[in-house]
>>> print(open('query-v1.txt').read())   # compact mmCIF, C-alpha atoms
# COMPACT_ATOMS: atom_id res chain seq x y z
CA MET A 1 -0.93 88.42 67.88
CA ASN A 2 1.05 90.46 70.36
CA LEU A 3 0.94 90.11 74.12
CA GLN A 4 -0.77 93.48 74.65
CA THR A 5 -3.74 92.34 72.52
CA ILE A 6 -3.90 89.08 74.47
CA ILE A 7 -3.83 90.98 77.77
CA ASP A 8 -6.65 93.26 76.56
CA LYS A 9 -8.87 90.57 75.03
CA LEU A 10 -8.53 88.17 77.97
CA GLN A 11 -8.64 90.99 80.54
CA LEU A 12 -5.52 89.76 82.27
CA ASN A 13 -3.93 91.49 85.25
CA VAL A 14 -0.28 92.34 84.84
CA LEU A 15 1.57 91.34 88.02
CA THR A 16 5.11 92.23 87.01
CA GLN A 17 6.45 95.60 85.90
CA ALA A 18 4.94 97.24 82.86
CA SER A 19 6.83 97.10 79.60
CA ASP A 20 6.09 97.31 75.90
CA PHE A 21 3.93 94.18 75.69
CA SER A 22 2.96 94.98 72.10
CA SER A 23 6.51 94.13 71.06
CA VAL A 24 6.24 90.63 72.55
CA THR A 25 4.81 88.12 70.08
CA PRO A 26 4.14 84.70 71.63
CA ASN A 27 4.47 81.83 69.18
CA GLY A 28 2.16 79.35 70.86
CA GLY A 29 0.77 78.18 74.16
CA TYR A 30 1.24 75.39 76.66
CA THR A 31 -0.58 74.38 79.80
CA ALA A 32 0.42 72.11 82.68
CA ASP A 33 0.86 72.46 86.41
CA LEU A 34 3.52 69.83 86.77
CA LEU A 35 6.81 71.63 86.31
CA SER A 36 8.62 68.67 84.79
CA CYS A 37 5.93 68.40 82.13
CA VAL A 38 6.41 72.07 81.38
CA MET A 39 10.15 71.52 81.17
CA ALA A 40 9.55 68.76 78.68
CA GLY A 41 6.73 70.30 76.69
CA ALA A 42 6.86 74.11 76.60
CA LYS A 43 8.86 75.63 73.77
CA ASN A 44 10.56 78.98 74.08
CA GLY A 45 8.47 82.01 73.21
CA THR A 46 5.18 80.37 74.20
CA ILE A 47 2.59 81.45 76.76
CA TRP A 48 2.45 79.10 79.72
CA VAL A 49 -0.95 78.77 81.41
CA THR A 50 -0.85 77.36 84.94
CA LEU A 51 -2.47 77.62 88.32
CA GLN A 52 0.85 77.30 90.08
CA ALA A 53 1.89 80.60 91.65
CA HIS A 54 4.94 79.79 93.75
CA MET A 55 8.54 80.90 93.32
CA ASN A 56 9.63 77.99 91.15
CA ILE A 57 7.49 78.94 88.17
CA VAL A 58 9.92 81.83 87.64
CA ALA A 59 12.90 79.49 87.41
CA VAL A 60 11.06 77.26 84.96
CA ALA A 61 9.85 80.21 82.87
CA ALA A 62 13.36 81.68 82.77
CA MET A 63 14.98 78.38 81.85
CA LEU A 64 12.58 77.93 78.95
CA ASP A 65 12.44 81.61 77.92
CA VAL A 66 8.65 81.57 77.74
CA ALA A 67 6.98 84.77 76.51
CA ALA A 68 4.70 85.08 79.56
CA VAL A 69 3.04 83.07 82.32
CA ILE A 70 -0.72 83.30 82.84
CA ILE A 71 -1.63 82.29 86.39
CA THR A 72 -5.25 81.13 86.51
CA GLU A 73 -8.04 80.89 89.10
CA ASN A 74 -6.76 83.95 90.94
CA ALA A 75 -3.79 82.12 92.40
CA LYS A 76 -1.56 84.83 93.86
CA PRO A 77 2.24 84.70 93.72
CA ASP A 78 3.89 86.23 96.79
CA PRO A 79 5.86 89.51 96.51
CA ALA A 80 9.21 87.65 96.49
CA THR A 81 8.08 85.66 93.45
CA ILE A 82 7.02 88.82 91.63
CA ALA A 83 10.32 90.49 92.54
CA LYS A 84 12.26 87.53 91.18
CA ALA A 85 10.21 87.55 87.99
CA ASN A 86 10.98 91.25 87.51
CA GLU A 87 14.64 90.58 88.11
CA GLN A 88 14.70 87.81 85.52
CA GLY A 89 12.52 89.62 83.01
CA ILE A 90 9.63 87.15 83.26
CA ILE A 91 6.13 88.51 82.59
CA LEU A 92 3.52 87.23 85.07
CA LEU A 93 -0.19 87.72 84.27
CA SER A 94 -3.19 86.60 86.26
CA THR A 95 -6.88 85.90 85.78
CA PRO A 96 -9.81 84.64 87.87
CA LYS A 97 -10.76 82.28 85.01
CA ALA A 98 -9.75 78.61 84.88
CA SER A 99 -6.93 77.30 82.71
CA TYR A 100 -9.41 75.50 80.44
CA GLU A 101 -11.23 78.71 79.59
CA ILE A 102 -8.03 80.72 79.09
CA CYS A 103 -6.59 78.09 76.75
CA GLY A 104 -9.86 78.03 74.82
CA LYS A 105 -9.74 81.80 74.42
CA LEU A 106 -6.09 81.75 73.32
CA TRP A 107 -6.99 79.08 70.76
CA GLU A 108 -9.87 81.26 69.51
CA LEU A 109 -7.40 84.14 69.13
CA ASN A 110 -5.54 81.84 66.77
CA LEU A 111 -2.58 81.31 69.05
CA ARG A 112 -2.04 77.74 67.91
CA MET B 1 5.94 98.99 33.58
CA LYS B 2 6.17 96.76 36.58
CA ALA B 3 8.62 97.70 39.25
CA MET B 4 11.60 95.43 39.46
CA ALA B 5 11.50 92.94 42.26
CA PRO B 6 14.12 93.71 44.89
CA THR B 7 17.08 91.38 44.64
CA ARG B 8 18.18 91.62 48.25
CA PRO B 9 16.32 89.70 50.96
CA PRO B 10 13.86 91.85 52.93
CA THR B 11 15.14 93.29 56.20
CA GLU B 12 13.51 92.20 59.46
CA GLN B 13 11.78 95.57 59.58
CA GLU B 14 10.27 95.08 56.12
CA LYS B 15 9.27 91.51 56.80
CA PHE B 16 7.59 91.96 60.14
CA GLY B 17 7.01 95.71 60.49
CA ARG B 18 7.12 96.79 64.08
CA HIS B 19 6.08 93.39 65.31
CA ARG B 20 8.95 91.19 64.35
CA PRO B 21 9.20 88.03 66.44
CA LEU B 22 10.89 88.74 69.71
CA THR B 23 14.05 86.80 70.40
CA ASP B 24 15.38 85.92 73.83
CA LEU B 25 18.01 88.59 73.37
CA ASP B 26 15.40 91.25 72.54
CA ALA B 27 13.38 90.39 75.61
CA HIS B 28 16.49 90.79 77.66
CA GLU B 29 17.27 94.15 76.05
CA ILE B 30 13.78 95.59 76.58
CA ASN B 31 13.98 94.74 80.19
CA ARG B 32 17.41 96.21 80.44
CA ILE B 33 16.18 99.52 79.03
CA GLU B 34 13.53 99.74 81.72
CA GLU B 35 16.15 98.88 84.26
CA LEU B 36 18.44 101.56 82.85
CA SER B 37 15.82 104.26 83.27
CA TYR B 38 16.03 103.45 86.97
CA ASP B 39 19.80 102.95 87.06
CA LEU B 40 20.79 106.06 85.14
CA LYS B 41 20.79 109.31 87.07
CA ILE B 42 19.64 112.54 85.49
CA HIS B 43 23.07 114.20 85.84
CA GLU B 44 24.53 111.41 83.70
CA VAL B 45 22.40 112.22 80.67
CA MET B 46 21.58 115.96 80.99
CA ALA B 47 23.28 118.70 79.00
CA SER B 48 25.32 120.68 81.51
CA ASN B 49 26.54 123.71 79.59
CA VAL B 50 23.27 125.60 79.70
CA ILE B 51 22.82 129.01 78.14
CA THR B 52 20.97 131.09 80.73
CA THR B 53 19.69 134.62 81.00
CA SER B 54 19.31 137.13 83.81
CA PRO B 55 15.76 138.34 84.62
CA ASP B 56 16.75 141.98 84.16
CA VAL B 57 17.82 141.99 80.50
CA PRO B 58 15.25 142.98 77.85
CA VAL B 59 13.30 140.25 76.05
CA SER B 60 14.93 141.29 72.77
CA ARG B 61 18.32 140.20 74.18
CA VAL B 62 16.96 136.69 74.79
CA LEU B 63 15.59 136.57 71.28
CA GLU B 64 19.09 137.32 69.97
CA LEU B 65 20.56 134.69 72.35
CA MET B 66 18.17 132.08 70.96
CA ARG B 67 18.89 133.02 67.35
CA VAL B 68 22.65 132.87 67.74
CA ASN B 69 22.67 129.63 69.75
CA ARG B 70 19.77 128.00 67.86
CA ILE B 71 17.84 127.21 71.02
CA SER B 72 14.15 127.62 71.74
CA GLY B 73 14.22 128.48 75.43
CA ALA B 74 16.52 129.53 78.24
CA PRO B 75 16.40 129.17 82.02
CA VAL B 76 16.31 132.45 83.95
CA VAL B 77 18.88 132.60 86.74
CA GLU B 78 19.24 135.15 89.53
CA ASP B 79 21.98 134.92 92.20
CA GLU B 80 22.80 131.44 90.86
CA LYS B 81 19.25 130.30 91.64
CA LEU B 82 16.80 129.19 89.01
CA ILE B 83 13.75 131.46 89.05
CA GLY B 84 12.01 130.72 85.75
CA ILE B 85 12.30 129.81 82.12
CA ILE B 86 11.68 131.88 79.01
CA SER B 87 10.62 130.18 75.80
CA LEU B 88 9.65 131.27 72.30
CA GLU B 89 6.01 131.26 73.37
CA ASP B 90 6.75 133.84 76.07
CA ILE B 91 8.59 135.97 73.55
CA VAL B 92 5.64 135.79 71.14
CA ARG B 93 3.46 137.18 73.94
CA ALA B 94 5.91 140.06 74.42
CA LEU B 95 5.86 140.66 70.66
CA GLN B 96 2.06 140.79 70.61
CA ASN B 97 2.20 143.50 73.28
CA ASP B 98 5.00 145.23 71.36
CA GLU B 99 7.14 145.00 74.52
CA LEU B 100 10.43 143.50 73.36
CA THR B 101 12.20 146.04 75.56
CA ALA B 102 10.46 144.81 78.74
CA PRO B 103 12.63 142.84 81.20
CA VAL B 104 12.64 139.08 80.94
CA ARG B 105 11.17 138.91 84.45
CA LYS B 106 7.86 140.22 83.11
CA TYR B 107 7.34 137.54 80.44
CA MET B 108 9.19 134.49 81.78
CA THR B 109 7.26 131.49 83.12
CA PRO B 110 8.10 131.65 86.82
CA SER B 111 6.59 128.59 88.48
CA LEU B 112 8.79 125.85 87.28
CA VAL B 113 8.69 122.12 86.97
CA THR B 114 12.21 120.88 87.60
CA VAL B 115 13.98 117.59 88.13
CA LYS B 116 16.94 116.98 90.40
CA THR B 117 20.44 115.92 89.41
CA PHE B 118 20.40 112.86 91.64
CA GLU B 119 16.99 111.54 90.56
CA CYS B 120 16.55 108.58 88.24
CA VAL B 121 15.97 109.21 84.56
CA VAL B 122 12.57 107.56 84.98
CA GLU B 123 11.44 110.60 87.03
CA ALA B 124 12.13 112.86 84.06
CA ILE B 125 10.31 110.44 81.74
CA LYS B 126 7.27 110.53 84.04
CA THR B 127 7.35 114.33 84.26
CA PHE B 128 7.61 114.66 80.49
CA SER B 129 4.57 112.49 79.91
CA GLU B 130 2.51 114.16 82.65
CA LYS B 131 3.28 117.80 81.88
CA ARG B 132 3.80 117.63 78.14
CA LEU B 133 6.93 119.76 78.38
CA GLY B 134 9.77 119.78 75.89
CA ARG B 135 12.61 120.40 78.32
CA LEU B 136 13.16 120.37 82.04
CA PRO B 137 15.69 122.40 84.00
CA VAL B 138 17.83 120.27 86.29
CA VAL B 139 18.66 121.65 89.74
CA ASP B 140 20.66 120.35 92.70
CA GLU B 141 19.37 120.23 96.27
CA ASN B 142 19.96 124.01 96.65
CA ARG B 143 17.91 124.84 93.56
CA GLN B 144 21.08 125.79 91.72
CA LEU B 145 20.75 125.21 88.01
CA LYS B 146 23.01 122.36 86.93
CA GLY B 147 21.74 121.51 83.49
CA ILE B 148 18.81 120.94 81.21
CA ILE B 149 17.28 117.71 79.98
CA THR B 150 15.21 116.88 76.89
CA LYS B 151 13.69 113.60 75.70
CA GLY B 152 16.51 113.46 73.17
CA ASP B 153 19.09 113.55 75.97
CA ILE B 154 17.35 110.58 77.63
CA THR B 155 17.26 108.55 74.42
CA ARG B 156 20.92 109.29 73.79
CA GLY B 157 21.89 108.47 77.38
CA ILE B 158 20.06 105.15 77.33
CA LEU B 159 21.51 104.21 73.94
CA HIS B 160 25.01 104.91 75.23
CA ALA B 161 24.39 102.80 78.32
CA VAL B 162 22.96 99.92 76.28
CA GLN B 163 25.96 100.06 73.99
CA ARG B 164 28.28 100.02 77.00
CA ASP B 165 26.40 97.03 78.44
CA TYR B 166 26.49 95.22 75.15
CA LYS B 167 30.23 95.73 74.83
CA GLU B 168 30.78 94.43 78.36
CA GLU B 169 28.78 91.28 77.65
CA GLU B 170 30.61 90.86 74.32
CA VAL B 171 33.96 91.14 76.09
CA ARG B 172 32.86 88.64 78.73
CA ARG B 173 31.68 86.22 76.11
CA TYR B 174 34.81 86.72 74.06
CA ARG B 175 37.08 86.11 77.03
CA ALA B 176 35.11 83.08 78.21
CA SER B 177 34.86 81.57 74.76
CA HIS B 178 38.64 81.77 74.37
CA LEU B 179 39.31 80.07 77.66
CA PHE B 180 40.07 76.74 76.10
CA GLU B 181 42.33 78.24 73.44
CA ASP B 182 44.27 80.53 75.75
CA ILE B 183 45.05 78.00 78.46
CA ILE B 184 47.18 75.20 77.14
CA SER B 185 47.22 71.77 78.68
CA ASP B 186 46.76 68.22 77.54
CA ARG B 187 43.27 68.28 78.93
CA THR B 188 41.55 71.44 80.19
CA THR B 189 38.37 71.15 82.23
CA LEU B 190 36.37 73.99 83.73
CA VAL B 191 34.57 72.87 86.88
CA LEU B 192 31.72 74.80 88.49
CA ARG B 193 30.27 73.59 91.79
CA TYR B 194 26.98 74.60 93.37
CA ASN B 195 25.93 73.66 96.90
CA ILE B 196 22.22 72.85 96.90
CA LYS B 197 20.31 72.87 100.19
CA ALA B 198 17.56 70.35 100.93
CA GLY B 199 14.10 71.91 100.94
CA ASP B 200 15.32 75.25 99.61
CA PHE B 201 12.52 75.80 97.09
CA THR B 202 13.05 79.56 97.22
CA HIS B 203 16.36 79.25 95.42
CA GLY B 204 15.30 76.31 93.27
CA GLY B 205 16.56 76.79 89.73
CA ASN B 206 19.21 79.41 90.56
CA ALA B 207 22.16 77.08 90.06
CA SER B 208 20.81 75.75 86.78
CA SER B 209 20.17 79.23 85.46
CA HIS B 210 23.79 80.13 86.33
CA ILE B 211 24.89 77.01 84.48
CA LYS B 212 22.89 77.97 81.42
CA ARG B 213 24.38 81.47 81.40
CA ALA B 214 27.92 80.16 81.89
CA LEU B 215 27.52 77.86 78.91
CA LEU B 216 26.21 80.68 76.73
CA ARG B 217 29.21 82.80 77.69
CA LEU B 218 31.51 79.94 76.87
CA GLY B 219 30.08 80.04 73.39
CA ALA B 220 27.51 77.23 73.54
CA ASP B 221 24.61 77.65 71.13
CA ALA B 222 21.11 78.23 72.54
CA GLN B 223 20.01 74.65 71.91
CA LEU B 224 22.92 73.12 73.81
CA ALA B 225 22.58 75.59 76.70
CA ARG B 226 18.87 74.80 76.93
CA ARG B 227 19.42 71.02 77.02
CA CYS B 228 22.03 71.36 79.77
CA GLY B 229 19.86 73.90 81.59
CA ILE B 230 16.85 71.59 81.69
CA ALA B 231 18.91 68.60 82.83
CA ALA B 232 20.62 70.74 85.49
CA TYR B 233 17.26 72.08 86.67
CA GLU B 234 15.74 68.64 87.15
CA ALA B 235 18.86 67.41 88.94
CA GLU B 236 18.93 70.52 91.13
CA MET B 237 15.26 70.10 92.08
CA ASN B 238 15.86 66.43 92.90
CA LEU B 239 18.51 67.51 95.43
CA ILE B 240 16.09 70.06 96.91
CA ILE B 241 13.08 67.71 97.01
CA HIS B 242 14.53 64.34 97.89
CA THR B 243 17.81 64.61 99.81
CA THR B 244 18.32 64.63 103.56
CA ASN B 245 21.18 67.13 103.66
CA GLY B 246 21.20 68.57 100.16
CA GLY B 247 24.08 67.92 97.82
CA ILE B 248 26.42 69.24 95.19
CA LEU B 249 25.58 70.02 91.58
CA LYS B 250 28.68 70.05 89.43
CA LEU B 251 29.29 71.19 85.87
CA GLU B 252 32.45 70.12 84.08
CA VAL B 253 33.10 71.71 80.72
CA GLU B 254 35.59 70.39 78.23
CA PRO B 255 35.85 71.52 74.61
CA HIS B 256 34.20 68.35 73.33
CA ARG B 257 32.07 67.28 76.28
CA ILE B 258 29.96 68.59 79.14
CA THR B 259 29.41 66.56 82.29
CA LEU B 260 26.76 67.44 84.84
CA SER B 261 26.62 65.52 88.08
CA THR B 262 24.98 65.54 91.49
CA THR B 263 26.11 63.86 94.65
CA ASP B 264 24.30 63.59 97.96
CA ASP B 265 24.58 61.55 101.15
CA GLY B 266 21.11 60.19 101.43
CA PRO B 267 18.56 58.79 101.76
CA GLY B 268 19.42 56.87 98.58
CA ILE B 269 17.10 55.15 96.13
CA ALA B 270 15.61 51.77 96.98
CA ASP B 271 14.56 50.71 93.50
CA ILE B 272 16.48 52.35 90.67
CA GLU B 273 14.43 50.67 87.94
CA LYS B 274 11.24 52.14 89.37
CA VAL B 275 12.50 55.72 89.58
CA LEU B 276 13.39 55.58 85.92
CA GLN B 277 9.78 54.83 84.97
CA PRO B 278 7.86 57.88 83.72
CA GLY B 279 5.30 58.97 86.32
CA TYR B 280 6.86 57.19 89.29
CA SER B 281 7.49 59.55 92.18
CA THR B 282 8.06 59.40 95.92
CA ALA B 283 7.39 63.10 96.44
CA THR B 284 5.21 64.09 99.38
CA ASP B 285 1.78 65.66 98.91
CA ASN B 286 2.84 69.20 99.71
CA VAL B 287 5.72 68.99 97.25
CA ARG B 288 3.28 67.72 94.63
CA GLU B 289 1.00 70.66 95.32
CA MET B 290 3.80 72.93 94.15
CA GLY B 291 3.87 71.06 90.86
CA PHE B 292 6.83 68.81 91.55
CA GLY B 293 6.84 65.07 91.83
CA ALA B 294 5.45 64.40 88.37
CA GLY B 295 7.81 61.49 88.12
CA MET B 296 9.25 63.07 85.00
CA GLY B 297 12.51 64.54 86.27
CA LEU B 298 14.86 61.70 85.36
CA VAL B 299 12.88 61.06 82.17
CA ASN B 300 13.45 64.69 81.17
CA ILE B 301 17.13 64.39 81.96
CA GLN B 302 17.47 61.29 79.80
CA ARG B 303 15.81 63.14 76.95
CA CYS B 304 18.24 66.06 77.22
CA VAL B 305 21.56 64.31 77.70
CA ASP B 306 23.46 61.73 75.69
CA LYS B 307 24.24 59.43 78.59
CA MET B 308 22.91 59.22 82.12
CA GLU B 309 24.28 57.08 84.93
CA LEU B 310 22.48 56.68 88.22
CA ASP B 311 24.16 55.01 91.14
CA SER B 312 22.47 54.79 94.52
CA ALA B 313 22.06 52.69 97.60
CA PRO B 314 19.60 53.21 100.47
CA GLY B 315 21.35 54.69 103.47
CA LYS B 316 24.35 55.72 101.41
CA GLY B 317 23.37 58.34 98.91
CA THR B 318 22.99 58.97 95.22
CA LYS B 319 25.31 59.91 92.41
CA LEU B 320 23.84 61.03 89.11
CA ILE B 321 26.10 61.62 86.12
CA MET B 322 24.88 63.22 82.91
CA ARG B 323 27.08 63.48 79.85
CA ILE B 324 26.51 65.64 76.83
CA THR B 325 28.71 65.50 73.76
CA VAL B 326 29.38 68.96 72.42
CA PRO B 327 28.56 69.16 68.72
CA SER B 328 31.71 70.36 66.95
CA GLU B 329 31.85 74.13 66.67
CA SER B 330 29.08 74.62 69.23
CA LEU B 331 31.25 75.38 72.19
CA ASN B 332 34.34 77.51 72.03
CA SER B 333 33.51 78.88 68.61
CA LYS B 334 35.05 82.27 68.01
CA LYS B 335 31.71 83.89 67.33
CA GLY B 336 30.35 83.05 70.75
CA SER B 337 26.98 82.65 69.09
CA SER B 338 23.86 82.51 71.18
>>> encode(input="query-v1.txt", output="structure tokens")
Amino acid sequence: MNLQTIIDKLQLNVLTQASDFSSVTPNGGYTADLLSCVMAGAKNGTIWVTLQAHMNIVAVAAMLDVAAVIITENAKPDPATIAKANEQGIILLSTPKASYEICGKLWELNLR
Amino acid sequence: MKAMAPTRPPTEQEKFGRHRPLTDLDAHEINRIEELSYDLKIHEVMASNVITTSPDVPVSRVLELMRVNRISGAPVVEDEKLIGIISLEDIVRALQNDELTAPVRKYMTPSLVTVKTFECVVEAIKTFSEKRLGRLPVVDENRQLKGIITKGDITRGILHAVQRDYKEEEVRRYRASHLFEDIISDRTTLVLRYNIKAGDFTHGGNASSHIKRALLRLGADAQLARRCGIAAYEAEMNLIIHTTNGGILKLEVEPHRITLSTTDDGPGIADIEKVLQPGYSTATDNVREMGFGAGMGLVNIQRCVDKMELDSAPGKGTKLIMRITVPSESLNSKKGSS
């Protein structure tokens, strides 16, 4: 399951610069809004689902080398956060849906 | 008869097709290629010795020019200015009308899509995909023809740049990973210090990401760099969230051991046993809203390091020391593996 398929099936908005998402293959998912839990629990190459949208998610995502971050419930990162994500090569996606629903859909897509 | 099973292991390409699992390094490279299409200027990748034609020569002359030089089109230049381009298609039209003796001016394509020498390569990429053209003349600000660019030129240019980048990073890693061999002493320690400001959430995580990169360059494997990175991140965020005046995050690297430490001058911790309990936090509500204050920072650190010492007194300040034993061959290995 590549990231482009996930973006299409879940109708996610791409917040950071476009790239060849079909060549990114996430190897699992993780959800939490507490950054220390993410630090402890998210493996590299996973998709991180969170409703946090502030600057520090980029640092956490970069430290863990996650495949992409899905920001839920329409939380909007500010332009500086998006710029930093672009600089660090972090893919930020967003959706109006809640984390619960997004995780359910990812599970249905067999991202387990 | 059944085909013999291949004896060699399958290549990544054969195993995964186009969708082989993406490594951290790949992700970095993909991004770098996008970056390069903005960094590289058209004049850096274009072909500059362009074979041109005057508008007044007969079409048959251009046909000969193309045959001899094995090209499929030529810019038309008059008084050093680009006025059009003539391609095989134009020549076919002349042939259909049996007018190979007509001047180039009559059959050339005059209105021209061009790119400029000083523009980014990404502009040419955009133009190629919009206009479905095979080649673009490159002009300077005075519309003087300076070169010609094809998709092949762009691919070549980007590959060269990536290779150059890769070599630079290799050299950096090589130099850094030899640090401990090249400098002789009874005990060599590399010390990196980062000043962390209180409340500076905007730069939160910068120091720890620098630490992670430094360790990779020094030849640490990905696992070790990640452990140190996570511990450094939690310690860095603690300085940002909890201190009065910020503090210092320090990395000390020795061939067999890495020591991370933070020092600050207050407010200090009242009950050290409590802060070591998972879930205990003194973070304020607005810090918690940002996802901090889970009460997991020190717990995470303990999980990532081999030994953690916490020394604090209210009104004085806090010193946190984290020690990580370097597995033999992880750091300072000649390969500089990642």
>>> closest_atom_pairs(input="query-v1.txt", of="segment 31-95 of chain A", to="segment 233-242 of chain B", cutoff="9 Å", atoms="all atoms listed in the file", output="JSON lines")
{"residue": "A:Ser36", "atom": "CA", "partner": "B:Glu234", "partner_atom": "CA", "distance": 7.5}
{"residue": "A:Met39", "atom": "CA", "partner": "B:Glu234", "partner_atom": "CA", "distance": 8.7}
{"residue": "A:Ala59", "atom": "CA", "partner": "B:Tyr233", "partner_atom": "CA", "distance": 8.6}
{"residue": "A:Val60", "atom": "CA", "partner": "B:Tyr233", "partner_atom": "CA", "distance": 8.3}
{"residue": "A:Met63", "atom": "CA", "partner": "B:Tyr233", "partner_atom": "CA", "distance": 8.3}
>>> write_last_selection(input="query-v1.txt", atoms="C-alpha atoms", output="PDB file, in the coordinates of the input")
ATOM      1  CA  SER A  36       8.620  68.670  84.790  1.00  0.00           C
ATOM      2  CA  MET A  39      10.150  71.520  81.170  1.00  0.00           C
ATOM      3  CA  ALA A  59      12.900  79.490  87.410  1.00  0.00           C
ATOM      4  CA  VAL A  60      11.060  77.260  84.960  1.00  0.00           C
ATOM      5  CA  MET A  63      14.980  78.380  81.850  1.00  0.00           C
TER       6      MET A  63
END
>>> interface_residues(input="query-v1.txt", of="chain A", to="chain B", cutoff="6 Å", atoms="only C-alpha atoms", output="list of chain:residue names")
A:Ser23, A:Val24, A:Thr25, A:Asp33, A:Leu34, A:Leu35, A:Ser36, A:Ala59
>>> closest_residue(input="query-v1.txt", among="B:His210, B:Met46, B:Ser129, B:Ala94", to="Arg193 of chain B", atoms="all atoms listed in the file")
B:His210
>>> residues_near_point(input="query-v1.txt", point="(4.5, 90.3, 73.9)", cutoff="9 Å", atoms="only C-alpha atoms", output="list in words")
Met1, Asn2, Leu3, Gln4, Thr5, Ile6, Asp20, Phe21, Ser22, Ser23, Val24, Thr25, Pro26, Ala67 and Ala68 of chain A; Leu22 of chain B
>>> residues_around(input="query-v1.txt", residues="Leu249 of chain B", least_positions_apart="3", cutoff="6 Å", atoms="all atoms listed in the file", output="PDB file with C-alpha atoms, in the frame of the given file")
ATOM      1  CA  ARG B 193      30.270  73.590  91.790  1.00  0.00           C
ATOM      2  CA  TYR B 194      26.980  74.600  93.370  1.00  0.00           C
ATOM      3  CA  SER B 261      26.620  65.520  88.080  1.00  0.00           C
ATOM      4  CA  THR B 262      24.980  65.540  91.490  1.00  0.00           C
TER       5      THR B 262
END
>>> atom_distance(input="query-v1.txt", atom1="atom CA of Lys146 of chain B", atom2="atom CA of Val162 of chain B")
24.8 Å
>>> closest_residue(input="query-v1.txt", among="A:Asn56, A:Asn74, A:Gln17, A:Asn110", to="Ser94 of chain A", atoms="all atoms listed in the file")
A:Asn74
>>> atom_distance(input="query-v1.txt", atom1="atom CA of Thr109 of chain B", atom2="atom CA of Val68 of chain B")
21.8 Å
>>> residues_around(input="query-v1.txt", residues="Arg132 of chain B", least_positions_apart="4", cutoff="12 Å", atoms="only C-alpha atoms", output="list of chain:residue names")
B:Val113, B:Ala124, B:Ile125, B:Lys126, B:Thr127, B:Phe128, B:Leu136, B:Thr150, B:Lys151
>>> residues_around(input="query-v1.txt", residues="segment 79-89 of chain B", least_positions_apart="3", cutoff="10 Å", atoms="all atoms listed in the file", output="NGL selection string")
:B and (52-55 or 59 or 62-63 or 66 or 71-76 or 92-95 or 104-105 or 107-114 or 136-139 or 142-146)
>>> closest_residue(input="query-v1.txt", among="B:Ala222, B:Ala313, B:Met308, B:Met322", to="Asp264 of chain B", atoms="only C-alpha atoms")
B:Ala313
>>> atom_distance(input="query-v1.txt", atom1="atom CA of Lys319 of chain B", atom2="atom CA of Gly268 of chain B")
9.1 Å
>>> closest_residue(input="query-v1.txt", among="A:Val14, A:Ala40, A:Ala62, A:Ala32", to="Gln88 of chain A", atoms="only C-alpha atoms")
A:Ala62
>>> residues_around(input="query-v1.txt", residues="Thr95 of chain A", least_positions_apart="6", cutoff="12 Å", atoms="all atoms listed in the file", output="PDB file with C-alpha atoms, keeping the file's coordinate frame")
ATOM      1  CA  ILE A   7      -3.830  90.980  77.770  1.00  0.00           C
ATOM      2  CA  ASP A   8      -6.650  93.260  76.560  1.00  0.00           C
ATOM      3  CA  LYS A   9      -8.870  90.570  75.030  1.00  0.00           C
ATOM      4  CA  LEU A  10      -8.530  88.170  77.970  1.00  0.00           C
ATOM      5  CA  GLN A  11      -8.640  90.990  80.540  1.00  0.00           C
ATOM      6  CA  LEU A  12      -5.520  89.760  82.270  1.00  0.00           C
ATOM      7  CA  ASN A  13      -3.930  91.490  85.250  1.00  0.00           C
ATOM      8  CA  VAL A  14      -0.280  92.340  84.840  1.00  0.00           C
ATOM      9  CA  LEU A  15       1.570  91.340  88.020  1.00  0.00           C
ATOM     10  CA  VAL A  49      -0.950  78.770  81.410  1.00  0.00           C
ATOM     11  CA  THR A  50      -0.850  77.360  84.940  1.00  0.00           C
ATOM     12  CA  LEU A  51      -2.470  77.620  88.320  1.00  0.00           C
ATOM     13  CA  ALA A  53       1.890  80.600  91.650  1.00  0.00           C
ATOM     14  CA  VAL A  69       3.040  83.070  82.320  1.00  0.00           C
ATOM     15  CA  ILE A  70      -0.720  83.300  82.840  1.00  0.00           C
ATOM     16  CA  ILE A  71      -1.630  82.290  86.390  1.00  0.00           C
ATOM     17  CA  THR A  72      -5.250  81.130  86.510  1.00  0.00           C
ATOM     18  CA  GLU A  73      -8.040  80.890  89.100  1.00  0.00           C
ATOM     19  CA  ASN A  74      -6.760  83.950  90.940  1.00  0.00           C
ATOM     20  CA  ALA A  75      -3.790  82.120  92.400  1.00  0.00           C
ATOM     21  CA  LYS A  76      -1.560  84.830  93.860  1.00  0.00           C
ATOM     22  CA  GLU A 101     -11.230  78.710  79.590  1.00  0.00           C
ATOM     23  CA  ILE A 102      -8.030  80.720  79.090  1.00  0.00           C
ATOM     24  CA  CYS A 103      -6.590  78.090  76.750  1.00  0.00           C
TER      25      CYS A 103
END
>>> residues_near_point(input="query-v1.txt", point="(16.6, 104.7, 81.2)", cutoff="9 Å", atoms="only C-alpha atoms", output="VMD selection string")
chain B and resid 32 to 41 120 to 122 125 154 to 155 157 to 159 161
>>> closest_residue(input="query-v1.txt", among="A:Gln52, A:Asn44, A:Ser99, A:Ser19", to="Pro77 of chain A", atoms="only C-alpha atoms")
A:Gln52
>>> decode(input="query-v1.txt", residues="segment 305-312 of chain B", atoms="C-alpha atoms", output="tab-separated table (two decimals), in the first residue's frame")
chain	number	residue	atom	x	y	z
B	305	VAL	CA	19.90	5.15	27.59
B	306	ASP	CA	21.95	2.73	29.65
B	307	LYS	CA	22.23	4.91	32.72
B	308	MET	CA	20.41	8.05	33.80
B	309	GLU	CA	21.29	10.27	36.73
B	310	LEU	CA	19.04	13.07	37.89
B	311	ASP	CA	20.23	15.57	40.44
B	312	SER	CA	18.08	18.51	41.46
